[in-house]
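Colleague: One structure, as structure tokens, below. Some questions next.
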Amino acid sequence: MFRTPGLANSQKIPLFFILLVAFAVHGPLLLMQIPSNSYDANFHMSMAAHYANHWFNPWNENSLAGFSQTTYPPLTQQWIGLLSHVFGLLRAYLLVQLAIVIMLPIAVFRFARLWVDELAAGYAALGSIFIGEFSLLVYEDGQIGTTSSTVLFVFALPYFYAWLVEGKKRDLLKAMLIGLAASAAHHATTLFGSMFFVGPIAWLACID
């Protein structure tokens, strides 16, 4: 793992500050409920409404004369359905999306830290808040499954790296559990993510 010895605290961007920026940028947009009119938002909320009442039954009789919701990975909709009992369906959807956009810079920081020092990783985390493609997925496309899976997958990668370098079973277990959660949120994301990210991580581990 790349480290810069003696890096002063003044040369680091505090992660707490980065999270505040993420909340300042995305919080008002979510409070205005902008994602509620995005392309796939109603689709995800309709599936979440079913899981809110039938957590273990994927067969939805209230849509398309009945269909299996296992055609789409269920985890994100199940989170929304669970929270909807407290916050209502729309607010639960927005709350889950807020958690995802807040977690993104943390995941990016941890992943970038494998390659660069803390200052550069901090800039990477700060820059991730303003990624146009991610904002498009959140506010225009409503792809909450894709965004949640991406963040979880990036979270899993440093544990996978740590297992390759140090061989600790707990790191492998964490990587597998978080990776499985990412697949349960959106399997295609982890499939393509593995093609582009696992190879470089394994290469870095071999070097280290």
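For the structure tokens, the naming scheme is as follows: chains receive sequential letters (A, B, ...) according to their order of presentation, residues are indexed from 1 within each chain, and ligands are indexed from 1 in presentation order.
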Residues near A:Ala182, anyone? I mean within 9 Å using only C-alpha atoms, not counting same-chain ones fewer than 3 positions away, as a list in words.
Modeller: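 The neighbour list is Leu75, Gly145, Ser148, Ser149, Thr150, Val151, Leu152, Phe153, Ala156, Leu177, Ile178, Gly179, Ala185, His186, His187, Thr189 and Thr190 of chain A.
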Colleague: Generate a file of the selected residues that holds C-alpha atoms, formatted as a short mmCIF file (atom, residue, chain, number, x, y, z; two decimals), in the first residue's frame.
Modeller:
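See result-v1.cif below for the written result:
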```
data_model
loop_
_atom_site.label_atom_id
_atom_site.label_comp_id
_atom_site.auth_asym_id
_atom_site.auth_seq_id
_atom_site.Cartn_x
_atom_site.Cartn_y
_atom_site.Cartn_z
CA LEU A 75 -31.60 -5.63 -1.75
CA GLY A 145 -29.67 -0.18 -7.61
CA SER A 148 -25.80 1.41 -4.30
CA SER A 149 -24.08 -1.60 -5.88
CA THR A 150 -21.21 0.56 -7.16
CA VAL A 151 -20.54 2.07 -3.74
CA LEU A 152 -20.67 -1.31 -2.01
CA PHE A 153 -18.39 -2.88 -4.60
CA ALA A 156 -15.22 -4.33 -0.85
CA LEU A 177 -20.00 -10.24 2.37
CA ILE A 178 -19.84 -6.69 1.02
CA GLY A 179 -19.37 -8.02 -2.50
CA ALA A 185 -28.26 -4.64 -5.09
CA HIS A 186 -27.37 -4.92 -8.80
CA HIS A 187 -25.59 -7.96 -10.18
CA THR A 189 -22.58 -3.72 -11.73
CA THR A 190 -20.41 -6.21 -9.85
#
```
Colleague: If we count only C-alpha atoms and set the cut-off at 6 Å, which residues sit around stretch 80-87 of chain A, ignoring sequence neighbours fewer than 2 positions away in its own chain? Please answer as a ChimeraX atom specification.
Modeller: /A:48-49,51-52,77-78,89,91-93
Colleague: What's the 10 Å shell around A:Thr70, counting only C-alpha atoms, without same-chain residues fewer than 5 positions away, as a PyMOL selection string?
Modeller: chain A and resi 57-60
Colleague: How many Å lie between atom CA of A:Pro74 and atom CA of A:Trp55, rounded to one decimal?
Modeller: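 Pair atom CA of A:Pro74 / atom CA of A:Trp55 returns 9.7 Å.
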Colleague: Please provide the set of residues having any atom within 8 Å of A:Tyr161, restricted to only C-alpha atoms, with same-chain residues fewer than 4 positions apart removed, written as a ChimeraX atom specification.
Modeller: /A:157,165,201-202,205
Colleague: Using only C-alpha atoms, determine which residues lie at most 12 Å from A:Phe43, disregarding the query and same-chain residues fewer than 3 positions distant; provide the list as number ranges by chain.
Modeller: A: 36-40, 46-50, 63, 69, 72, 77, 90, 93, 141-145
Colleague: Can I get the selection written as a compact mmCIF listing (two decimals), in the first residue's frame, with N, CA and C atoms?
Modeller:
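The resulting part37.txt:
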```
# COMPACT_ATOMS: atom_id res chain seq x y z
N SER A 36 -37.32 11.91 -7.20
CA SER A 36 -38.63 11.24 -7.20
C SER A 36 -39.25 11.21 -8.59
N ASN A 37 -38.84 12.12 -9.48
CA ASN A 37 -39.38 12.15 -10.85
C ASN A 37 -38.40 11.58 -11.87
N SER A 38 -37.36 10.92 -11.38
CA SER A 38 -36.39 10.33 -12.31
C SER A 38 -36.98 9.11 -13.00
N TYR A 39 -36.27 8.63 -14.01
CA TYR A 39 -36.81 7.62 -14.93
C TYR A 39 -37.26 6.34 -14.22
N ASP A 40 -36.44 5.80 -13.33
CA ASP A 40 -36.73 4.50 -12.72
C ASP A 40 -37.21 4.59 -11.28
N SER A 46 -42.19 0.99 -6.45
CA SER A 46 -43.28 0.01 -6.54
C SER A 46 -42.82 -1.36 -6.06
N MET A 47 -41.59 -1.72 -6.40
CA MET A 47 -41.05 -2.98 -5.91
C MET A 47 -40.82 -2.92 -4.40
N ALA A 48 -40.37 -1.77 -3.92
CA ALA A 48 -40.15 -1.61 -2.48
C ALA A 48 -41.47 -1.71 -1.73
N ALA A 49 -42.55 -1.18 -2.31
CA ALA A 49 -43.86 -1.25 -1.66
C ALA A 49 -44.29 -2.69 -1.46
N HIS A 50 -43.94 -3.56 -2.42
CA HIS A 50 -44.27 -4.97 -2.27
C HIS A 50 -43.43 -5.61 -1.17
N SER A 63 -48.93 -6.22 -9.91
CA SER A 63 -48.31 -5.60 -11.07
C SER A 63 -48.22 -6.59 -12.21
N GLN A 69 -40.42 -10.68 -8.83
CA GLN A 69 -39.52 -9.54 -8.67
C GLN A 69 -38.07 -9.97 -8.56
N TYR A 72 -35.13 -8.75 -10.82
CA TYR A 72 -34.27 -7.62 -10.48
C TYR A 72 -33.72 -7.86 -9.07
N GLN A 77 -34.34 -2.34 -2.92
CA GLN A 77 -35.78 -2.17 -2.72
C GLN A 77 -36.21 -2.67 -1.34
N LEU A 90 -41.70 7.35 -0.31
CA LEU A 90 -40.87 8.33 -1.01
C LEU A 90 -39.69 8.78 -0.16
N TYR A 93 -37.08 6.12 0.02
CA TYR A 93 -36.29 6.08 -1.22
C TYR A 93 -35.22 7.17 -1.20
N ASP A 141 -31.78 9.31 -14.05
CA ASP A 141 -32.14 7.93 -14.37
C ASP A 141 -32.81 7.19 -13.21
N GLY A 142 -32.56 7.63 -11.98
CA GLY A 142 -33.15 6.94 -10.83
C GLY A 142 -32.61 5.53 -10.64
N GLN A 143 -31.36 5.30 -11.03
CA GLN A 143 -30.77 3.96 -10.96
C GLN A 143 -30.18 3.72 -9.57
N ILE A 144 -31.04 3.62 -8.59
CA ILE A 144 -30.58 3.48 -7.21
C ILE A 144 -29.93 2.11 -6.97
N GLY A 145 -30.33 1.12 -7.72
CA GLY A 145 -29.67 -0.18 -7.61
C GLY A 145 -28.24 -0.12 -8.10
```
Colleague: Give me, as a count of residues only, all polymer residues having an atom no more than 12 Å from A:Ala24, counting only C-alpha atoms and skipping those fewer than 5 positions away in the same chain.
Modeller: 11
Colleague: Apply DSSP to the structure's backbone, then extract all residues of chain A labelled alpha helix (DSSP H) and return them as an NGL selection string.
Modeller: :A and (15-31 or 41-53 or 75-87 or 89-112 or 118-128 or 132-135 or 144-166 or 169-185 or 187-193 or 199-207)
Colleague: Those residues with C-alpha atoms, as a compact mmCIF listing (two decimals), in the first residue's frame please?
Modeller:
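Result went into part-v9.txt, see below:
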```
# COMPACT_ATOMS: atom_id res chain seq x y z
CA LEU A 15 -12.85 13.06 5.71
CA PHE A 16 -15.44 14.76 7.90
CA PHE A 17 -15.10 17.91 5.76
CA ILE A 18 -15.57 15.84 2.59
CA LEU A 19 -18.75 14.32 4.01
CA LEU A 20 -20.04 17.78 4.88
CA VAL A 21 -19.45 18.88 1.29
CA ALA A 22 -21.28 15.79 0.02
CA PHE A 23 -24.23 16.56 2.26
CA ALA A 24 -24.20 20.25 1.30
CA VAL A 25 -24.26 19.40 -2.41
CA HIS A 26 -26.71 16.50 -2.47
CA GLY A 27 -28.77 17.12 0.67
CA PRO A 28 -30.78 20.08 -0.70
CA LEU A 29 -31.40 18.30 -4.01
CA LEU A 30 -32.77 15.28 -2.18
CA LEU A 31 -34.82 17.47 0.17
CA ALA A 41 -37.74 5.94 -9.34
CA ASN A 42 -41.37 4.78 -9.48
CA PHE A 43 -40.26 1.32 -10.62
CA HIS A 44 -38.00 0.92 -7.60
CA MET A 45 -40.58 2.33 -5.20
CA SER A 46 -43.28 0.01 -6.54
CA MET A 47 -41.05 -2.98 -5.91
CA ALA A 48 -40.15 -1.61 -2.48
CA ALA A 49 -43.86 -1.25 -1.66
CA HIS A 50 -44.27 -4.97 -2.27
CA TYR A 51 -41.25 -5.93 -0.17
CA ALA A 52 -42.51 -3.70 2.64
CA ASN A 53 -45.40 -6.13 3.14
CA LEU A 75 -31.60 -5.63 -1.75
CA THR A 76 -32.00 -1.90 -2.41
CA GLN A 77 -35.78 -2.17 -2.72
CA GLN A 78 -35.87 -4.19 0.50
CA TRP A 79 -33.98 -1.43 2.31
CA ILE A 80 -36.51 1.10 1.01
CA GLY A 81 -39.42 -1.15 1.96
CA LEU A 82 -38.09 -1.60 5.48
CA LEU A 83 -37.58 2.13 6.04
CA SER A 84 -40.96 2.96 4.49
CA HIS A 85 -42.70 1.71 7.63
CA VAL A 86 -41.13 4.65 9.48
CA PHE A 87 -40.60 7.36 6.85
CA LEU A 89 -42.17 5.17 0.68
CA LEU A 90 -40.87 8.33 -1.01
CA ARG A 91 -38.85 9.55 1.97
CA ALA A 92 -37.41 6.06 2.41
CA TYR A 93 -36.29 6.08 -1.22
CA LEU A 94 -34.66 9.49 -0.77
CA LEU A 95 -33.05 8.45 2.53
CA VAL A 96 -31.45 5.37 0.98
CA GLN A 97 -30.22 7.49 -1.92
CA LEU A 98 -28.79 10.04 0.53
CA ALA A 99 -26.92 7.30 2.36
CA ILE A 100 -25.46 6.13 -0.95
CA VAL A 101 -24.21 9.56 -2.05
CA ILE A 102 -22.69 10.15 1.40
CA MET A 103 -20.94 6.76 1.35
CA LEU A 104 -19.49 7.30 -2.13
CA PRO A 105 -16.60 9.63 -1.11
CA ILE A 106 -15.71 7.28 1.77
CA ALA A 107 -15.51 4.34 -0.64
CA VAL A 108 -13.49 6.36 -3.14
CA PHE A 109 -11.09 7.52 -0.43
CA ARG A 110 -10.46 3.95 0.77
CA PHE A 111 -9.95 2.71 -2.79
CA ALA A 112 -7.69 5.61 -3.79
CA GLU A 118 -3.88 10.53 1.90
CA LEU A 119 -3.81 13.99 0.35
CA ALA A 120 -4.37 12.69 -3.17
CA ALA A 121 -6.97 10.23 -1.90
CA GLY A 122 -8.75 13.13 -0.21
CA TYR A 123 -8.88 15.04 -3.49
CA ALA A 124 -10.22 11.94 -5.22
CA ALA A 125 -12.95 11.57 -2.58
CA LEU A 126 -13.82 15.26 -2.85
CA GLY A 127 -13.96 15.06 -6.62
CA SER A 128 -16.25 12.01 -6.51
CA GLY A 132 -21.47 13.94 -13.55
CA GLU A 133 -22.29 10.35 -14.45
CA PHE A 134 -23.12 9.51 -10.84
CA SER A 135 -25.40 12.56 -10.56
CA ILE A 144 -30.58 3.48 -7.21
CA GLY A 145 -29.67 -0.18 -7.61
CA THR A 146 -26.67 0.69 -9.76
CA THR A 147 -25.45 3.48 -7.48
CA SER A 148 -25.80 1.41 -4.30
CA SER A 149 -24.08 -1.60 -5.88
CA THR A 150 -21.21 0.56 -7.16
CA VAL A 151 -20.54 2.07 -3.74
CA LEU A 152 -20.67 -1.31 -2.01
CA PHE A 153 -18.39 -2.88 -4.60
CA VAL A 154 -15.78 -0.14 -4.21
CA PHE A 155 -16.03 -0.63 -0.43
CA ALA A 156 -15.22 -4.33 -0.85
CA LEU A 157 -12.09 -3.85 -2.96
CA PRO A 158 -9.70 -2.68 -0.19
CA TYR A 159 -10.62 -5.73 1.89
CA PHE A 160 -9.91 -7.96 -1.10
CA TYR A 161 -6.53 -6.25 -1.49
CA ALA A 162 -5.76 -6.66 2.22
CA TRP A 163 -6.56 -10.37 2.01
CA LEU A 164 -4.28 -10.84 -1.00
CA VAL A 165 -1.41 -9.06 0.77
CA GLU A 166 -1.82 -10.26 4.37
CA LYS A 169 -9.46 -14.64 6.63
CA ARG A 170 -11.48 -11.82 8.18
CA ASP A 171 -10.51 -9.54 5.28
CA LEU A 172 -11.65 -12.18 2.80
CA LEU A 173 -14.91 -12.58 4.73
CA LYS A 174 -15.55 -8.82 4.68
CA ALA A 175 -14.76 -8.63 0.97
CA MET A 176 -17.13 -11.50 0.21
CA LEU A 177 -20.00 -10.24 2.37
CA ILE A 178 -19.84 -6.69 1.02
CA GLY A 179 -19.37 -8.02 -2.50
CA LEU A 180 -22.42 -10.26 -2.15
CA ALA A 181 -24.41 -7.28 -0.87
CA ALA A 182 -23.30 -5.33 -3.95
CA SER A 183 -24.49 -8.17 -6.19
CA ALA A 184 -27.79 -8.33 -4.31
CA ALA A 185 -28.26 -4.64 -5.09
CA HIS A 187 -25.59 -7.96 -10.18
CA ALA A 188 -24.54 -6.43 -13.51
CA THR A 189 -22.58 -3.72 -11.73
CA THR A 190 -20.41 -6.21 -9.85
CA LEU A 191 -20.02 -8.34 -13.00
CA PHE A 192 -18.60 -5.49 -15.05
CA GLY A 193 -16.86 -3.96 -12.05
CA GLY A 199 -7.39 -7.38 -12.05
CA PRO A 200 -5.60 -4.12 -11.16
CA ILE A 201 -6.13 -4.79 -7.45
CA ALA A 202 -4.59 -8.25 -7.78
CA TRP A 203 -1.68 -6.76 -9.73
CA LEU A 204 -1.12 -4.13 -7.04
CA ALA A 205 -1.21 -6.80 -4.34
CA CYS A 206 1.41 -8.84 -6.16
CA ILE A 207 3.69 -5.80 -6.32
```
